[in-house]
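**Q** Right, I'll just put the structure down here and ask away after.
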Amino acid sequence: MLTAEDRTLLSLVCGYLGQALHRAYQTDQQRETALALQRAILGPARLPAGFAVRYEPATRPLEVGGDWYDIVELPDGRIGIMVGDCVGHDLGAATVMGQLRSACRALLLQDASASQALTAMDRFASFVPGAECATVFCGILDPATGSLRYSSAAHPPGIVVRPDGNVVLLDGARSLPLAIRQDAGRTDADYVLPPRSTLLLYTDGLVERRGQPLTEGIAAGRGGRA
């Protein structure tokens, strides 16, 4: 037979268990909402021939962050390619990156060059809280010729692996992150991808290592160790 003290103790234990289960349920619901949001705004699931993407989730449990990509087929047959990274690893960063991705896609569909798109995004990002210091690689590829015209807002350089195994860094046309300065002086650089070459675009999480400069991680990636 339970005493009054036993009933009081059980009541307290049940109360703590109920609170813990409620918090776990809320976390699970937040994670499901965040994943649905991420899938909706991260980037297209259907890609042009020859393209592939891989997204590694950010900090658990929400598994969302500011990394994003987009690939858009333009009316003239060229293909717009974008990879970006907003500051932060939470739901707020995910909403910011969704706005930047949509803005960049709209600009390229209006026939803007890569540098023009980033210049316009400077102005746009200055009105979006949390968009400051975002990095973006924006390129326009002509699949018929392999010609790539690109511009970078302080994003890690693209890596081209040529058919002979040699590696080229696309480190031209680099400038400041978004919304740092209105007259950032965005420019374009050109590179012609050889047939059967591979272009790798990524965010700093792929090459960033604790206690090491980012340049060392990029160099390791060039050697195939990232």
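By order of appearance in the structure tokens: chains A, B, ..., then residues from 1 within every chain, and ligands from 1 in the order shown.
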When you look at Val192 (chain A) with a cut-off of 7 Å (counting only C-alpha atoms), what residues show up, excluding the ones that are within fewer than 3 positions of it in the same chain? I need them as an MDAnalysis selection string.
**A** chainID A and resid 146:148
**Q** Expressed in Å to a single decimal, how great is the separation between CA of Met97 (chain A) and CA of Ser197 (chain A)?
**A**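 Calculated distance between CA of Met97 (chain A) and CA of Ser197 (chain A) is 29.2 Å.
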**Q** Between A:Gly130, A:Gly43, A:Pro195, A:Pro156, which has the minimum distance to Asp90 (chain A) (counting only C-alpha atoms)?
**A** A:Gly130
**Q** What parts of region 44-201 of chain A does DSSP call alpha helix (DSSP H)? I'd like the answer as number ranges by chain.
**A** A: 91-109, 114-125
**Q** Got a sec: who's within 6 Å of Val161 (chain A), counting only C-alpha atoms, leaving out chain neighbours fewer than 5 positions off, as a PyMOL selection string?
**A** chain A and resi 166-167+197-198
**Q** Export N, CA and C atoms of the chosen residues as a PDB file, in the first residue's frame?
**A**
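What ended up in selection_30.pdb:
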```pdb
ATOM      1  N   ASN A 166      45.011  17.218 -63.254  1.00  0.00           N
ATOM      2  CA  ASN A 166      45.451  18.507 -62.723  1.00  0.00           C
ATOM      3  C   ASN A 166      44.263  19.276 -62.142  1.00  0.00           C
ATOM      4  N   VAL A 167      44.547  20.089 -61.136  1.00  0.00           N
ATOM      5  CA  VAL A 167      43.509  20.823 -60.417  1.00  0.00           C
ATOM      6  C   VAL A 167      43.721  22.324 -60.606  1.00  0.00           C
ATOM      7  N   SER A 197      35.846  17.315 -67.638  1.00  0.00           N
ATOM      8  CA  SER A 197      36.367  17.869 -66.379  1.00  0.00           C
ATOM      9  C   SER A 197      35.238  17.935 -65.354  1.00  0.00           C
ATOM     10  N   THR A 198      35.601  18.183 -64.100  1.00  0.00           N
ATOM     11  CA  THR A 198      34.632  18.261 -63.006  1.00  0.00           C
ATOM     12  C   THR A 198      34.797  19.585 -62.278  1.00  0.00           C
TER      13      THR A 198
END
```
**Q** Extract, using only C-alpha atoms, all DNA, RNA and protein residues at most 9 Å from Ser151 (chain A), discarding same-chain residues fewer than 2 positions from it, and format them as a list in words.
**A**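 Answer for this query is Ser113, Ala114, Ser115, Leu118, Val136, Phe137, Cys138, Gly139, Arg149, Ala153, Gly172, Ala173, Arg174, Ser175, Arg186, Thr187, Asp188 and Ala189 of chain A.
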**Q** Restricted to N, CA and C atoms, what would the selected residues look like written as a short mmCIF file (atom, residue, chain, number, x, y, z; two decimals), in the first residue's frame?
**A**
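And here is the file that came out, out-v2.cif:
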```
data_model
loop_
_atom_site.label_atom_id
_atom_site.label_comp_id
_atom_site.auth_asym_id
_atom_site.auth_seq_id
_atom_site.Cartn_x
_atom_site.Cartn_y
_atom_site.Cartn_z
N SER A 113 24.45 39.47 -65.49
CA SER A 113 25.69 38.72 -65.42
C SER A 113 25.94 38.30 -63.97
N ALA A 114 26.95 37.46 -63.74
CA ALA A 114 27.24 37.03 -62.38
C ALA A 114 27.60 38.22 -61.50
N SER A 115 28.45 39.12 -62.00
CA SER A 115 28.84 40.28 -61.19
C SER A 115 27.67 41.24 -60.98
N LEU A 118 25.48 39.83 -58.19
CA LEU A 118 26.03 40.04 -56.85
C LEU A 118 25.96 41.51 -56.43
N VAL A 136 28.93 34.28 -51.51
CA VAL A 136 28.22 33.68 -52.64
C VAL A 136 29.20 33.47 -53.80
N PHE A 137 29.14 32.32 -54.42
CA PHE A 137 29.78 32.08 -55.71
C PHE A 137 28.66 32.01 -56.74
N CYS A 138 28.74 32.84 -57.76
CA CYS A 138 27.71 32.89 -58.79
C CYS A 138 28.38 32.71 -60.15
N GLY A 139 27.91 31.77 -60.93
CA GLY A 139 28.48 31.53 -62.25
C GLY A 139 27.40 31.25 -63.28
N ARG A 149 31.46 31.96 -66.85
CA ARG A 149 31.74 33.32 -66.38
C ARG A 149 31.23 33.40 -64.96
N ALA A 153 31.61 36.58 -54.13
CA ALA A 153 31.54 37.49 -52.98
C ALA A 153 32.20 36.80 -51.79
N GLY A 172 39.50 33.85 -59.33
CA GLY A 172 39.40 35.18 -59.91
C GLY A 172 38.11 35.88 -59.48
N ALA A 173 38.04 37.17 -59.80
CA ALA A 173 36.83 37.98 -59.57
C ALA A 173 36.32 37.87 -58.13
N ARG A 174 37.25 37.86 -57.17
CA ARG A 174 36.87 37.80 -55.76
C ARG A 174 36.71 39.20 -55.20
N SER A 175 35.74 39.37 -54.34
CA SER A 175 35.51 40.66 -53.70
C SER A 175 34.90 40.43 -52.32
N ARG A 186 32.23 44.61 -57.98
CA ARG A 186 32.12 43.23 -58.47
C ARG A 186 32.59 43.13 -59.93
N THR A 187 33.36 42.10 -60.21
CA THR A 187 33.83 41.85 -61.58
C THR A 187 33.55 40.41 -61.95
N ASP A 188 33.76 40.07 -63.22
CA ASP A 188 33.59 38.71 -63.71
C ASP A 188 34.94 38.13 -64.10
N ALA A 189 35.06 36.83 -63.99
CA ALA A 189 36.20 36.09 -64.50
C ALA A 189 35.70 34.98 -65.41
#
```
**Q** Within 12 Å of Arg101 (chain A), counting only C-alpha atoms, which residues show up once you throw out same-chain ones fewer than 6 positions away? Write them as number ranges by chain, please.
**A** A: 40-44, 66-72, 80-86, 94-95, 107-108, 117-118, 121, 124-125, 131, 134-138
**Q** Can you tell me, as a list in words, which residues in region 152-213 of chain A count as strand (DSSP E) by DSSP?
**A**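 In region 152-213 of chain A, DSSP puts these residues in strand (DSSP E): Ser152, Ala153, Gly158, Ile159, Val160, Val161, Val167, Val168, Leu169, Leu170, Arg174, Ser175, Ala189, Asp190, Tyr191, Val192, Thr198, Leu199 and Leu200 of chain A.
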**Q** Those same residues, written as an mmCIF file, in the first residue's frame with N, CA, C and O atoms?
**A**
```
data_model
loop_
_atom_site.group_PDB
_atom_site.id
_atom_site.type_symbol
_atom_site.label_atom_id
_atom_site.label_comp_id
_atom_site.auth_asym_id
_atom_site.auth_seq_id
_atom_site.Cartn_x
_atom_site.Cartn_y
_atom_site.Cartn_z
ATOM 1 N N SER A 152 32.661 36.093 -57.407
ATOM 2 C CA SER A 152 32.629 35.542 -56.049
ATOM 3 C C SER A 152 32.588 36.654 -55.017
ATOM 4 O O SER A 152 33.435 37.553 -55.026
ATOM 5 N N ALA A 153 31.611 36.582 -54.130
ATOM 6 C CA ALA A 153 31.540 37.487 -52.982
ATOM 7 C C ALA A 153 32.195 36.801 -51.794
ATOM 8 O O ALA A 153 31.518 36.286 -50.890
ATOM 9 N N GLY A 158 35.977 27.900 -56.424
ATOM 10 C CA GLY A 158 35.612 26.637 -57.045
ATOM 11 C C GLY A 158 36.856 25.845 -57.421
ATOM 12 O O GLY A 158 37.945 26.408 -57.620
ATOM 13 N N ILE A 159 36.711 24.540 -57.505
ATOM 14 C CA ILE A 159 37.822 23.652 -57.850
ATOM 15 C C ILE A 159 37.459 22.904 -59.128
ATOM 16 O O ILE A 159 36.400 22.279 -59.214
ATOM 17 N N VAL A 160 38.338 22.992 -60.121
ATOM 18 C CA VAL A 160 38.155 22.267 -61.375
ATOM 19 C C VAL A 160 39.179 21.138 -61.438
ATOM 20 O O VAL A 160 40.383 21.365 -61.286
ATOM 21 N N VAL A 161 38.698 19.932 -61.632
ATOM 22 C CA VAL A 161 39.570 18.776 -61.836
ATOM 23 C C VAL A 161 39.568 18.458 -63.322
ATOM 24 O O VAL A 161 38.549 18.060 -63.881
ATOM 25 N N VAL A 167 44.547 20.089 -61.136
ATOM 26 C CA VAL A 167 43.509 20.823 -60.417
ATOM 27 C C VAL A 167 43.721 22.324 -60.606
ATOM 28 O O VAL A 167 44.850 22.818 -60.529
ATOM 29 N N VAL A 168 42.628 23.033 -60.865
ATOM 30 C CA VAL A 168 42.660 24.485 -61.051
ATOM 31 C C VAL A 168 41.713 25.131 -60.050
ATOM 32 O O VAL A 168 40.569 24.675 -59.893
ATOM 33 N N LEU A 169 42.173 26.176 -59.363
ATOM 34 C CA LEU A 169 41.320 26.943 -58.463
ATOM 35 C C LEU A 169 40.709 28.121 -59.217
ATOM 36 O O LEU A 169 41.432 28.878 -59.872
ATOM 37 N N LEU A 170 39.409 28.288 -59.096
ATOM 38 C CA LEU A 170 38.733 29.435 -59.693
ATOM 39 C C LEU A 170 38.721 30.568 -58.666
ATOM 40 O O LEU A 170 37.736 30.820 -57.986
ATOM 41 N N ARG A 174 37.248 37.864 -57.172
ATOM 42 C CA ARG A 174 36.868 37.798 -55.764
ATOM 43 C C ARG A 174 36.714 39.204 -55.199
ATOM 44 O O ARG A 174 37.485 40.108 -55.529
ATOM 45 N N SER A 175 35.743 39.369 -54.336
ATOM 46 C CA SER A 175 35.508 40.661 -53.699
ATOM 47 C C SER A 175 34.896 40.430 -52.323
ATOM 48 O O SER A 175 34.890 39.302 -51.823
ATOM 49 N N ALA A 189 35.057 36.828 -63.988
ATOM 50 C CA ALA A 189 36.204 36.092 -64.501
ATOM 51 C C ALA A 189 35.698 34.984 -65.412
ATOM 52 O O ALA A 189 34.545 34.543 -65.285
ATOM 53 N N ASP A 190 36.556 34.542 -66.329
ATOM 54 C CA ASP A 190 36.158 33.527 -67.305
ATOM 55 C C ASP A 190 37.065 32.314 -67.215
ATOM 56 O O ASP A 190 38.284 32.430 -66.973
ATOM 57 N N TYR A 191 36.450 31.152 -67.402
ATOM 58 C CA TYR A 191 37.214 29.904 -67.479
ATOM 59 C C TYR A 191 36.452 28.951 -68.390
ATOM 60 O O TYR A 191 35.219 28.882 -68.328
ATOM 61 N N VAL A 192 37.178 28.243 -69.237
ATOM 62 C CA VAL A 192 36.557 27.269 -70.125
ATOM 63 C C VAL A 192 36.826 25.870 -69.570
ATOM 64 O O VAL A 192 37.975 25.440 -69.459
ATOM 65 N N THR A 198 35.601 18.183 -64.100
ATOM 66 C CA THR A 198 34.632 18.261 -63.006
ATOM 67 C C THR A 198 34.797 19.585 -62.278
ATOM 68 O O THR A 198 35.917 19.964 -61.920
ATOM 69 N N LEU A 199 33.687 20.260 -62.049
ATOM 70 C CA LEU A 199 33.675 21.508 -61.279
ATOM 71 C C LEU A 199 33.051 21.231 -59.920
ATOM 72 O O LEU A 199 31.931 20.718 -59.836
ATOM 73 N N LEU A 200 33.772 21.569 -58.865
ATOM 74 C CA LEU A 200 33.289 21.382 -57.499
ATOM 75 C C LEU A 200 33.090 22.740 -56.843
ATOM 76 O O LEU A 200 34.019 23.542 -56.745
#
```
**Q** Please provide the set of residues having any atom within 9 Å of Leu109 (chain A), restricted to only C-alpha atoms, with same-chain residues fewer than 2 positions apart removed, written as a PDB file with C-alpha atoms, in the first residue's frame.
**A**
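And here's part.pdb as it stands now:
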```pdb
ATOM      1  CA  VAL A  72      18.663  27.393 -62.861  1.00  0.00           C
ATOM      2  CA  GLU A  73      18.297  26.798 -66.594  1.00  0.00           C
ATOM      3  CA  LEU A  74      18.227  30.199 -68.305  1.00  0.00           C
ATOM      4  CA  PRO A  75      16.079  31.045 -71.349  1.00  0.00           C
ATOM      5  CA  GLY A  80      23.102  29.661 -63.661  1.00  0.00           C
ATOM      6  CA  CYS A 104      19.814  35.562 -57.017  1.00  0.00           C
ATOM      7  CA  ARG A 105      17.663  33.240 -59.134  1.00  0.00           C
ATOM      8  CA  ALA A 106      15.353  36.112 -60.114  1.00  0.00           C
ATOM      9  CA  LEU A 107      18.321  38.297 -61.089  1.00  0.00           C
ATOM     10  CA  ASP A 111      19.678  38.206 -67.845  1.00  0.00           C
ATOM     11  CA  ALA A 112      22.041  39.707 -65.289  1.00  0.00           C
TER      12      ALA A 112
END
```
**Q** Work out how far CA of Gly50 (chain A) is from CA of Gly77 (chain A), in Å to one decimal.
**A**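 We find that CA of Gly77 (chain A) and CA of Gly50 (chain A) lie 14.5 Å from each other.
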**Q** What is the distance, in Å and to one decimal place, between CA of Phe127 (chain A) and CA of Leu91 (chain A)?
**A** 18.6 Å
**Q** Nearest to Pro163 (chain A): which of A:Pro194, A:Thr145, A:Pro129, A:Arg181 is it, counting only C-alpha atoms?
**A**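 Result for the nearest residue to Pro163 (chain A): A:Pro194.
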**Q** With a distance cut-off of 6 Å and only C-alpha atoms, select the neighbouring residues of Ala179 (chain A), excluding the residue or stretch itself and same-chain residues fewer than 4 positions from it, and output the selection as a PyMOL selection string.
**A** chain A and resi 122+125-126+132
**Q** For the residues selected in the previous step, produce a file with all heavy atoms as a JSON list (two decimals), in the first residue's frame.
**A**
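Final output, saved to out00.json:
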```
[["chain", "number", "residue", "atom", "x", "y", "z"],
["A", 122, "ASP", "N", 23.96, 42.90, -53.15],
["A", 122, "ASP", "CA", 24.50, 43.77, -52.10],
["A", 122, "ASP", "C", 23.41, 44.69, -51.57],
["A", 122, "ASP", "O", 23.23, 44.84, -50.36],
["A", 122, "ASP", "CB", 25.65, 44.62, -52.66],
["A", 122, "ASP", "CG", 26.99, 43.90, -52.60],
["A", 122, "ASP", "OD1", 27.24, 43.22, -51.60],
["A", 122, "ASP", "OD2", 27.77, 44.04, -53.55],
["A", 125, "ALA", "N", 20.64, 42.56, -49.81],
["A", 125, "ALA", "CA", 21.06, 42.00, -48.52],
["A", 125, "ALA", "C", 21.14, 43.06, -47.44],
["A", 125, "ALA", "O", 20.98, 42.75, -46.25],
["A", 125, "ALA", "CB", 22.40, 41.29, -48.68],
["A", 126, "SER", "N", 21.39, 44.31, -47.83],
["A", 126, "SER", "CA", 21.48, 45.37, -46.83],
["A", 126, "SER", "C", 20.15, 45.64, -46.15],
["A", 126, "SER", "O", 20.10, 46.24, -45.07],
["A", 126, "SER", "CB", 22.00, 46.66, -47.48],
["A", 126, "SER", "OG", 21.08, 47.17, -48.43],
["A", 132, "GLU", "N", 24.02, 40.24, -43.84],
["A", 132, "GLU", "CA", 25.34, 40.83, -43.94],
["A", 132, "GLU", "C", 26.42, 39.76, -43.81],
["A", 132, "GLU", "O", 26.29, 38.82, -43.04],
["A", 132, "GLU", "CB", 25.56, 41.90, -42.87],
["A", 132, "GLU", "CG", 24.55, 43.04, -42.90],
["A", 132, "GLU", "CD", 23.30, 42.74, -42.11],
["A", 132, "GLU", "OE1", 23.15, 41.60, -41.62],
["A", 132, "GLU", "OE2", 22.45, 43.65, -42.00]]
```
